[in-house]
Each structure stands twice: as structure tokens, then as C-alpha cells.
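As provided, structure26.cif (mmCIF, C-alpha atoms and all ligand atoms; chains and numbers go by the auth columns) reads as follows.
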data_upload
#
loop_
_atom_site.group_PDB
_atom_site.id
_atom_site.type_symbol
_atom_site.label_atom_id
_atom_site.label_comp_id
_atom_site.label_asym_id
_atom_site.label_seq_id
_atom_site.Cartn_x
_atom_site.Cartn_y
_atom_site.Cartn_z
_atom_site.B_iso_or_equiv
_atom_site.auth_seq_id
_atom_site.auth_asym_id
ATOM 1 C CA MET A 1 -84.388 150.603 264.338 0.00 1 B
ATOM 2 C CA LYS A 2 -80.744 149.750 264.769 0.00 2 B
ATOM 3 C CA GLU A 3 -78.295 149.756 261.939 0.00 3 B
ATOM 4 C CA ASN A 4 -76.918 146.472 260.823 0.00 4 B
ATOM 5 C CA TYR A 5 -73.235 145.700 261.298 0.00 5 B
ATOM 6 C CA VAL A 6 -71.019 142.656 261.438 0.00 6 B
ATOM 7 C CA VAL A 7 -70.695 141.357 264.985 0.00 7 B
ATOM 8 C CA CYS A 8 -68.710 138.203 264.332 0.00 8 B
ATOM 9 C CA HIS A 9 -66.041 138.741 261.712 0.00 9 B
ATOM 10 C CA CYS A 10 -64.893 135.105 261.631 0.00 10 B
ATOM 11 C CA LYS A 11 -68.304 133.807 260.641 0.00 11 B
ATOM 12 C CA LYS A 12 -69.680 136.998 259.078 0.00 12 B
ATOM 13 C CA VAL A 13 -72.634 137.147 261.429 0.00 13 B
ATOM 14 C CA SER A 14 -74.423 140.464 261.622 0.00 14 B
ATOM 15 C CA TYR A 15 -76.547 142.123 264.270 0.00 15 B
ATOM 16 C CA PHE A 16 -79.651 141.334 262.211 0.00 16 B
ATOM 17 C CA ASP A 17 -78.655 137.666 261.935 0.00 17 B
ATOM 18 C CA ILE A 18 -78.613 137.480 265.714 0.00 18 B
ATOM 19 C CA ALA A 19 -81.897 139.361 266.001 0.00 19 B
ATOM 20 C CA ASP A 20 -83.461 136.976 263.461 0.00 20 B
ATOM 21 C CA ALA A 21 -82.202 133.943 265.331 0.00 21 B
ATOM 22 C CA LEU A 22 -83.767 135.313 268.516 0.00 22 B
ATOM 23 C CA HIS A 23 -87.055 135.794 266.685 0.00 23 B
ATOM 24 C CA GLU A 24 -87.164 132.071 265.961 0.00 24 B
ATOM 25 C CA MET A 25 -86.938 131.217 269.631 0.00 25 B
ATOM 26 C CA LYS A 26 -89.809 130.882 271.969 0.00 26 B
ATOM 27 C CA SER A 27 -88.294 131.346 275.360 0.00 27 B
ATOM 28 C CA PHE A 28 -85.758 133.899 276.463 0.00 28 B
ATOM 29 C CA ASP A 29 -85.434 133.198 280.133 0.00 29 B
ATOM 30 C CA ASP A 30 -81.767 132.311 280.139 0.00 30 B
ATOM 31 C CA VAL A 31 -79.156 134.428 278.375 0.00 31 B
ATOM 32 C CA LEU A 32 -76.530 131.687 278.254 0.00 32 B
ATOM 33 C CA LYS A 33 -78.945 129.070 276.937 0.00 33 B
ATOM 34 C CA THR A 34 -80.141 131.522 274.330 0.00 34 B
ATOM 35 C CA PHE A 35 -76.539 132.279 273.444 0.00 35 B
ATOM 36 C CA GLU A 36 -75.922 128.570 272.792 0.00 36 B
ATOM 37 C CA GLU A 37 -78.940 128.461 270.504 0.00 37 B
ATOM 38 C CA VAL A 38 -77.910 131.590 268.622 0.00 38 B
ATOM 39 C CA LYS A 39 -74.470 130.084 268.254 0.00 39 B
ATOM 40 C CA LYS A 40 -75.945 126.916 266.751 0.00 40 B
ATOM 41 C CA VAL A 41 -78.189 128.805 264.347 0.00 41 B
ATOM 42 C CA THR A 42 -75.795 131.526 263.173 0.00 42 B
ATOM 43 C CA ARG A 43 -72.368 129.902 263.879 0.00 43 B
ATOM 44 C CA CYS A 44 -71.343 133.169 265.522 0.00 44 B
ATOM 45 C CA SER A 45 -68.636 132.939 268.166 0.00 45 B
ATOM 46 C CA THR A 46 -67.430 129.587 266.844 0.00 46 B
ATOM 47 C CA GLY A 47 -64.168 130.943 265.449 0.00 47 B
ATOM 48 C CA CYS A 48 -61.696 132.991 267.472 0.00 48 B
ATOM 49 C CA GLY A 49 -64.265 133.683 270.173 0.00 49 B
ATOM 50 C CA GLY A 50 -63.395 137.362 270.184 0.00 50 B
ATOM 51 C CA CYS A 51 -67.002 138.387 269.622 0.00 51 B
ATOM 52 C CA HIS A 52 -68.309 136.385 272.591 0.00 52 B
ATOM 53 C CA ASP A 53 -68.969 139.368 274.858 0.00 53 B
ATOM 54 C CA LYS A 54 -70.406 141.429 272.030 0.00 54 B
ATOM 55 C CA VAL A 55 -72.850 138.648 271.120 0.00 55 B
ATOM 56 C CA LEU A 56 -73.863 138.206 274.758 0.00 56 B
ATOM 57 C CA ASP A 57 -74.447 141.944 275.109 0.00 57 B
ATOM 58 C CA ILE A 58 -76.647 142.008 272.030 0.00 58 B
ATOM 59 C CA ILE A 59 -78.663 139.033 273.216 0.00 59 B
ATOM 60 C CA SER A 60 -79.294 140.543 276.636 0.00 60 B
ATOM 61 C CA GLU A 61 -80.170 143.862 275.053 0.00 61 B
ATOM 62 C CA LEU A 62 -82.651 142.235 272.663 0.00 62 B
ATOM 63 C CA MET A 63 -84.092 140.062 275.430 0.00 63 B
ATOM 64 C CA MET A 64 -84.696 143.096 277.582 0.00 64 B
ATOM 65 C CA SER A 65 -86.286 145.104 274.825 0.00 65 B
ATOM 66 C CA LYS A 66 -88.621 142.182 274.137 0.00 66 B
ATOM 67 C CA GLU A 67 -89.702 141.952 277.743 0.00 67 B
ATOM 68 C CA GLY A 68 -90.690 145.562 277.556 0.00 68 B
ATOM 69 C CA VAL A 69 -93.106 144.992 274.678 0.00 69 B
HETATM 70 S S1 LIG B . -65.216 137.223 265.637 0.00 101 B
HETATM 71 FE FE1 LIG B . -66.726 135.802 266.202 0.00 101 B
HETATM 72 S S2 LIG B . -65.620 133.955 266.456 0.00 101 B
HETATM 73 FE FE2 LIG B . -64.091 135.369 265.803 0.00 101 B
#

Let me see the structure of the file written as C-alpha cells.
Amino acid sequence: MKENYVVCHCKKVSYFDIADALHEMKSFDDVLKTFEEVKKVTRCSTGCGGCHDKVLDIISELMMSKEGV
């Protein structure tokens, strides 16, 4: 289990918020589409945009770990 931490400081979105948002989704075939959805749900990456790459990394990491299950 990963530790929680704030990924997006502008919108106070944490790693767990992103993981939760991914849980709500049914398909994970497209990282960028999923990113848009996560953005809508959590509001992450809607401020300065500085967390963009971090959020994308987390999404791809979570998507990959899901595929393995
Ligand atoms: S840190 Fe996420 S939008 Fe600024």
C-alpha cells in the first residue's frame, strides 16, 4: 500500500483521490482520456498545471498495476 501525499497543491488533490477516481471508472484503455476524467472528478491539474506530469505518471502506474490483477 502506498502512502498518501498531495499530488496537486493548487487543488489539494492527493494520491488517494486520484486512485479513488480511477476506481470509479470502468475502462482504462487510454491514459489521456482517463486523465481528462480524473481531472473532471478531482479538479487536479486545473490550476497552475505543474502537477500534470505527476498526475499522468500516477495514472499510468495505477492502470498498469490494475492490468496485472
Ligand atoms: S499543482 Fe496541480 S494545478 Fe497546480

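Distance check against Ile18 in chain B using all atoms listed in the file: of B:Cys48, B:Val6, B:Leu56, B:Val38, the minimum falls on B:Val38.
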
Pull the closest atom pair for each residue of chain B that gets at most 6 Å from ligand LIG 101 (chain B), along with the distance in Å to one decimal, counting all atoms listed in the file, ordering rows by chain and then ascending residue number, as a Markdown table.
| residue | atom | partner | partner_atom | distance |
| --- | --- | --- | --- | --- |
| B:Cys8 | CA | B:LIG101 | FE1 | 3.6 |
| B:His9 | CA | B:LIG101 | S1 | 4.3 |
| B:Cys10 | CA | B:LIG101 | FE2 | 4.3 |
| B:Cys44 | CA | B:LIG101 | FE1 | 5.4 |
| B:Ser45 | CA | B:LIG101 | S2 | 3.6 |
| B:Thr46 | CA | B:LIG101 | S2 | 4.7 |
| B:Gly47 | CA | B:LIG101 | S2 | 3.5 |
| B:Cys48 | CA | B:LIG101 | FE2 | 3.8 |
| B:Gly49 | CA | B:LIG101 | S2 | 4.0 |
| B:Gly50 | CA | B:LIG101 | FE2 | 4.9 |
| B:Cys51 | CA | B:LIG101 | FE1 | 4.3 |

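When all atoms listed in the file are used to measure the gap to Asp17 in chain B, the shortest distance among B:Ser60, B:Thr42, B:Thr34, B:Ser65 belongs to B:Thr42.
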
Any chance you could work out the axis-aligned box around range 46-57 of chain B, listed atoms only, 8 Å on each side, giving centre and edge lengths in Å to one decimal, as JSON?
{"center_x": -68.1, "center_y": 135.8, "center_z": 270.3, "size_x": 28.8, "size_y": 28.4, "size_z": 25.7}

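If you apply the PyMOL selection byres (((chain B and resi 23) around 12) and not hetatm) to this structure, you end up with B:Phe16, B:Asp17, B:Ile18, B:Ala19, B:Asp20, B:Ala21, B:Leu22, B:Glu24, B:Met25, B:Lys26, B:Ser27, B:Phe28, B:Thr34, B:Glu37, B:Val38, B:Val41, B:Ile59, B:Leu62, B:Met63, B:Lys66.
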
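Distance annotation: of B:Glu61, B:Lys54, B:Val31, B:Lys40, the residue with the minimal separation from Val7 in chain B is B:Lys54; atom set is all atoms listed in the file.
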
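Closest approach to Met64 in chain B from the set B:Asp29, B:Glu3, B:Lys39, B:His52 is made by B:Asp29, with distances taken over only C-alpha atoms.
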